[in-house]
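Engineer: Let me begin by handing over the structure; questions about it come next.
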Amino acid sequence: MKNSQLYKGSLTTIILKLLNENDKMYGYEITQKVKDITKGELKLTEGALYPSLHKLEAEGLLEVDIMKIGNRMRKYYSLTELGTQETVSKLAELENYIKTMRALVNPKFRFD
């Protein structure tokens with residue numbers, strides 16, 4: 001994507017939405033899911049993803065479950081009850097933002 005700045009403000013919402021749909025995921029899995037869903041248009045870097053995951057965990061929105069997979073330890077992230085509530089709020093906020101931007105970009109779009 002030419003201007004990934006547009007996505008930066010939505011990273012939290014993207015993470016929460018994916019975890020809401022998939023119960024639990026590990027970091028690399030999240031990056032690959034985003035890449036697949038967007039057909040490569042959006043590529044999350046570890047440098048963007050992991051600080052966001054840690055922040056969401058510190059805010060009590062995520063819990064971490066560490067599992068041994070083969071010879072590796074893998075952190076699985078899942079939503080807490082508060083995280084599920086925040087997902088609903090963030091998705092509504094994003095939908096409103098998209099609706100507002102659509103009205104600005106396309107004046108023929110009716111803003112209700």
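By order in the structure tokens, chains are A, B, ...; within a chain, residues start at 1; ligands start at 1, following the order shown.
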Which neighbours of stretch 83-97 of chain A fall inside 6 Å, counting only C-alpha atoms, when residues of the same chain fewer than 3 positions from it are skipped, and could you give them as an MDAnalysis selection string?
Structural biologist: chainID A and resid 13 16 61 79:80 100
Engineer: According to DSSP computed on the backbone, where in chain A is there strand (DSSP E)? Give the residues as a VMD selection string.
Structural biologist: chain A and resid 24 to 26 62 to 69 72 to 79
Engineer: Looking only at alpha helix (DSSP H) from DSSP on the backbone, list the matching residues of chain A as a ChimeraX atom specification.
Structural biologist: /A:5-8,11-22,27-37,46-58,81-105
Engineer: Kindly indicate which residue among A:Glu63, A:Asn20, A:Ile30, A:Leu56 lies nearest to A:Leu42, using only C-alpha atoms for the distances.
Structural biologist: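 Residue with the minimum atom-to-atom distance to A:Leu42: A:Ile30.
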Engineer: Mind checking which residues fall within 10 Å of A:Lys24, counting only C-alpha atoms, ignoring those fewer than 2 positions away in the same chain, and posting them as a PyMOL selection string?
Structural biologist: chain A and resi 18-22+26+29-30+62-65+75-79
Engineer: Ranking A:Glu81, A:Glu57, A:Arg74, A:Gly40 by minimum distance to A:Tyr28 and counting only C-alpha atoms, which one comes first?
Structural biologist: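 The shortest atom-to-atom distance to A:Tyr28 comes from A:Arg74.
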Engineer: Here is a test: counting only C-alpha atoms, which residue of A:Met67, A:Ala58, A:Ala103, A:Ile14 is nearest to A:Thr38?
Structural biologist: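 Once distances to A:Thr38 are computed over only C-alpha atoms, the minimum belongs to A:Ile14.
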